[in-house]
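Coordinates as given in query.txt (compact mmCIF, C-alpha atoms):
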```txt
# COMPACT_ATOMS: atom_id res chain seq x y z
CA MET Z 6 -90.59 -143.41 223.01
CA LYS Z 7 -90.52 -145.77 220.07
CA ILE Z 8 -88.96 -149.19 220.69
CA GLN Z 9 -88.01 -151.96 218.32
CA LEU Z 10 -88.03 -155.63 219.33
CA ILE Z 11 -86.07 -158.20 217.33
CA HIS Z 12 -86.71 -161.91 217.79
CA PRO Z 13 -83.29 -163.54 218.40
CA LEU Z 14 -83.93 -166.66 216.30
CA THR Z 15 -86.16 -165.53 213.45
CA GLY Z 16 -85.00 -161.92 213.18
CA GLU Z 17 -88.61 -160.71 213.04
CA THR Z 18 -88.90 -157.04 214.01
CA VAL Z 19 -91.78 -155.42 215.89
CA GLN Z 20 -92.04 -151.70 216.65
CA MET Z 21 -94.06 -150.28 219.57
CA GLU Z 22 -94.74 -146.89 221.12
CA LEU Z 23 -94.21 -146.56 224.91
CA ASP Z 24 -94.21 -143.65 227.31
CA GLU Z 25 -90.92 -142.70 229.01
CA ALA Z 26 -91.73 -144.18 232.46
CA THR Z 27 -92.71 -147.69 231.29
CA PRO Z 28 -89.18 -149.14 230.87
CA GLN Z 29 -88.15 -147.91 234.32
CA ARG Z 30 -91.29 -149.38 235.93
CA LEU Z 31 -90.65 -152.69 234.16
CA ALA Z 32 -87.05 -152.69 235.37
CA GLU Z 33 -88.22 -152.20 238.96
CA LEU Z 34 -90.87 -154.90 238.59
CA LEU Z 35 -88.53 -157.46 237.00
CA ALA Z 36 -85.46 -156.71 239.12
CA PRO Z 37 -84.09 -160.10 240.23
CA GLN Z 38 -83.43 -160.66 243.92
CA ALA Z 39 -80.67 -163.22 243.35
CA SER Z 40 -77.35 -162.48 241.71
CA GLN Z 41 -76.20 -164.11 238.48
CA THR Z 42 -73.74 -166.33 240.38
CA ARG Z 43 -76.47 -167.48 242.81
CA VAL Z 44 -78.75 -168.51 239.93
CA ARG Z 45 -75.82 -170.27 238.20
CA GLN Z 46 -75.09 -172.18 241.42
CA GLN Z 47 -78.73 -173.26 241.69
CA VAL Z 48 -78.70 -174.42 238.06
CA ASP Z 49 -75.38 -176.25 238.56
CA ASN Z 50 -76.76 -178.04 241.64
CA LEU Z 51 -79.68 -179.50 239.70
CA PRO Z 52 -79.47 -183.27 239.09
CA TYR Z 53 -79.72 -182.96 235.31
CA ARG Z 54 -77.36 -183.54 232.41
CA ARG Z 55 -74.96 -180.85 231.22
CA ASP Z 56 -76.96 -179.99 228.11
CA VAL Z 57 -80.09 -179.24 230.18
CA LYS Z 58 -78.01 -177.10 232.53
CA ALA Z 59 -76.55 -175.27 229.53
CA ILE Z 60 -80.04 -174.46 228.23
CA LEU Z 61 -81.06 -173.21 231.68
CA GLY Z 62 -77.86 -171.15 231.82
CA GLU Z 63 -78.75 -169.55 228.48
CA LEU Z 64 -82.23 -168.83 229.83
CA ALA Z 65 -80.72 -167.20 232.93
CA ALA Z 66 -78.57 -164.97 230.73
CA MET Z 67 -81.53 -163.84 228.60
CA THR Z 68 -82.05 -160.09 228.80
CA LEU Z 69 -84.27 -157.58 227.11
CA LYS Z 70 -83.19 -154.01 226.41
CA LEU Z 71 -86.01 -151.49 226.49
CA GLY Z 72 -85.15 -147.86 225.90
CA GLY Z 73 -81.73 -148.03 227.50
CA VAL Z 74 -82.93 -150.16 230.43
CA VAL Z 75 -81.76 -153.77 230.63
CA LEU Z 76 -84.36 -156.23 231.92
CA HIS Z 77 -83.03 -159.54 233.28
CA VAL Z 78 -86.07 -161.56 232.27
CA GLY Z 79 -84.45 -165.01 232.24
CA ARG Z 80 -82.88 -164.68 235.68
CA LYS Z 81 -86.18 -163.45 237.15
CA LEU Z 82 -88.06 -166.34 235.55
CA LEU Z 83 -85.65 -168.96 236.93
CA GLU Z 84 -85.70 -167.25 240.32
CA LEU Z 85 -89.49 -167.51 240.35
CA VAL Z 86 -89.42 -171.19 239.32
CA PHE Z 87 -86.85 -172.07 242.01
CA ALA Z 88 -88.88 -170.21 244.65
CA LEU Z 89 -92.11 -172.00 243.69
CA VAL Z 90 -90.48 -175.42 243.66
CA GLN Z 91 -88.85 -174.78 247.02
CA ARG Z 92 -92.05 -173.45 248.62
CA TYR Z 93 -94.47 -175.98 247.04
CA PRO Z 94 -92.48 -179.11 246.13
CA ASN Z 95 -95.42 -181.53 245.99
CA THR Z 96 -97.54 -179.20 243.88
CA SER Z 97 -94.86 -178.80 241.24
CA CYS Z 98 -94.01 -182.51 241.21
CA TYR Z 99 -97.61 -183.73 240.94
CA THR Z 100 -98.44 -181.12 238.31
CA LEU Z 101 -95.52 -182.19 236.12
CA ILE Z 102 -96.32 -185.89 236.54
CA GLU Z 103 -99.98 -185.42 235.66
CA TYR Z 104 -99.07 -183.19 232.71
CA ALA Z 105 -96.79 -185.94 231.41
CA LEU Z 106 -99.54 -188.55 231.84
CA GLY Z 107 -102.04 -186.31 230.07
CA SER Z 108 -99.57 -185.76 227.23
CA LEU Z 109 -99.04 -189.52 226.88
CA ILE Z 110 -102.77 -190.18 226.71
CA SER Z 111 -103.20 -187.32 224.23
CA SER Z 112 -100.56 -188.85 221.97
CA ILE Z 113 -102.46 -192.14 221.53
CA PRO Z 114 -103.58 -192.06 217.88
CA LEU Z 115 -107.39 -192.21 217.97
CA LEU Z 116 -108.06 -191.79 221.67
CA GLY Z 117 -105.81 -188.75 221.92
CA TRP Z 118 -107.57 -187.06 219.04
CA LEU Z 119 -110.97 -187.63 220.64
CA LEU Z 120 -110.14 -186.91 224.28
CA GLY Z 121 -106.82 -185.05 224.21
CA TRP Z 122 -108.42 -181.62 224.46
CA LEU Z 123 -110.07 -182.72 227.72
CA VAL Z 124 -107.53 -185.11 229.24
CA LEU Z 125 -104.46 -182.85 229.23
CA PRO Z 126 -106.00 -179.86 231.10
CA LEU Z 127 -107.99 -182.19 233.38
CA PHE Z 128 -104.95 -184.24 234.39
CA THR Z 129 -102.85 -181.10 234.88
CA ALA Z 130 -105.54 -179.56 237.10
CA LEU Z 131 -105.83 -182.84 239.00
CA GLY Z 132 -102.07 -182.87 239.64
CA LEU Z 133 -102.21 -179.26 240.78
CA ALA Z 134 -105.07 -180.05 243.19
CA ILE Z 135 -103.48 -183.21 244.62
CA GLY Z 136 -100.10 -181.53 245.03
CA GLY Z 137 -101.61 -178.41 246.56
CA TRP Z 138 -103.59 -180.51 249.03
CA SER Z 139 -100.45 -182.46 249.92
CA ASP Z 140 -98.45 -179.27 250.46
CA LEU Z 141 -101.27 -177.82 252.57
CA LYS Z 142 -101.35 -180.94 254.77
CA THR Z 143 -97.57 -180.86 255.12
CA GLN Z 144 -97.60 -177.20 256.14
CA GLN Z 145 -100.36 -177.89 258.68
CA GLN Z 146 -98.38 -180.79 260.13
CA VAL Z 147 -95.26 -178.64 260.41
CA GLN Z 148 -97.26 -175.90 262.15
CA GLN Z 149 -98.77 -178.41 264.60
CA LEU Z 150 -95.34 -179.85 265.34
CA GLN Z 151 -93.93 -176.38 265.99
CA GLU Z 152 -96.82 -175.62 268.36
CA GLN Z 153 -96.21 -178.89 270.24
CA ILE Z 154 -92.51 -178.13 270.57
CA GLN Z 155 -93.35 -174.64 271.84
CA ASN Z 156 -95.79 -176.11 274.39
CA LEU Z 157 -93.18 -178.59 275.63
CA ARG Z 158 -90.61 -175.86 276.09
CA LEU Z 159 -92.89 -173.41 277.91
CA ARG Z 160 -94.93 -175.37 280.45
CA ALA Z 161 -96.95 -173.16 282.75
CA GLY Z 162 -95.82 -172.80 286.37
CA VAL Z 163 -92.23 -173.92 285.79
CA ASP Z 164 -89.31 -171.56 286.39
CA TYR Z 165 -86.68 -172.75 283.93
CA HIS Z 166 -84.08 -170.27 285.15
CA GLU Z 167 -84.07 -171.51 288.76
CA ARG Z 168 -81.66 -174.37 289.48
CA GLY Z 169 -83.27 -177.44 290.88
CA GLY Z 170 -86.65 -176.64 289.34
CA ASP Z 171 -88.68 -179.06 287.25
CA GLN Z 172 -86.46 -179.66 284.27
```

Represent the structure of the file as structure tokens.
Amino acid sequence: MKIQLIHPLTGETVQMELDEATPQRLAELLAPQASQTRVRQQVDNLPYRRDVKAILGELAAMTLKLGGVVLHVGRKLLELVFALVQRYPNTSCYTLIEYALGSLISSIPLLGWLLGWLVLPLFTALGLAIGGWSDLKTQQQVQQLQEQIQNLRLRAGVDYHERGGDQ
């Protein structure tokens, strides 16, 4: 099957040859779990200005048509970002902060030219490591707390169903 891709902004056209099963496999792989309204609600609940939400809404609506199969690439991408931020909040926050600091240092006229190639990836990796460690510690603390709560509820030798027992 011969497909033709057109860049939406520049109009540049690229033609490729694919076998018949590839678009269907891509559709299964990139099938979003969340509905369009769920992703829109998540975007609307973000604490950002309307223009940022509009850009994210356009990203969520971005699709790609491959051989008669529609791929919801934008919705899947936003779904992945929301899932990562929800699962690892410290990692994403520290990584963004350190990336911003690395970008600021890289933009200093002479120093950025000399060290920018090293500072930006190093600071981003540092933010990823610090945030990952923080998320790991938080998850361990939550697990320990759940174990303690479970131990308090189920003390050995106590019949909780009998009235008048040790309660």

**Request:** In the coordinate frame of the file, compute which residues have an atom within 10 Å of (-89.8, -144.1, 219.2) when using only C-alpha atoms, and state them as a ChimeraX atom specification.
**Result:** /Z:6-9,20-25,72

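You will find CA of Leu133 in chain Z at 25.5 Å from CA of Asn50 in chain Z.
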
**Asked** Near Ile102 in chain Z, counting all atoms listed in the file, which residues have an atom at most 12 Å away, once you skip same-chain residues fewer than 2 positions from it, shown as a ChimeraX atom specification?
**Response** /Z:95-100,104-109,125,128-133,135-136

**Request:** State, in Å with one decimal place, the distance from CA of Glu84 in chain Z to CA of Arg45 in chain Z.
**Result:** 10.5 Å

**Item:** Using only C-alpha atoms: which of Z:Leu116, Z:Leu31, Z:Ala66, Z:Leu89 has the shortest distance to Asp140 in chain Z
**Value:** Z:Leu89

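CA of Tyr93 in chain Z is positioned 18.7 Å from CA of Leu150 in chain Z.
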
Please determine an axis-aligned box that encloses all atoms of range 53-59 of chain Z listed in the file, with 8 Å added on each side, and express its centre and edge lengths in Å to one decimal as AutoDock Vina command-line options.
```
--center_x -77.5 --center_y -179.4 --center_z 231.7 --size_x 21.1 --size_y 24.3 --size_z 23.2
```

**Message:** Can you tell me which residues surround Ile11 in chain Z at a distance of at most 12 Å, considering all atoms listed in the file, apart from same-chain residues fewer than 3 positions away, and format the answer as a PyMOL selection string?
**Reply:** chain Z and resi 8+14-21+69-71
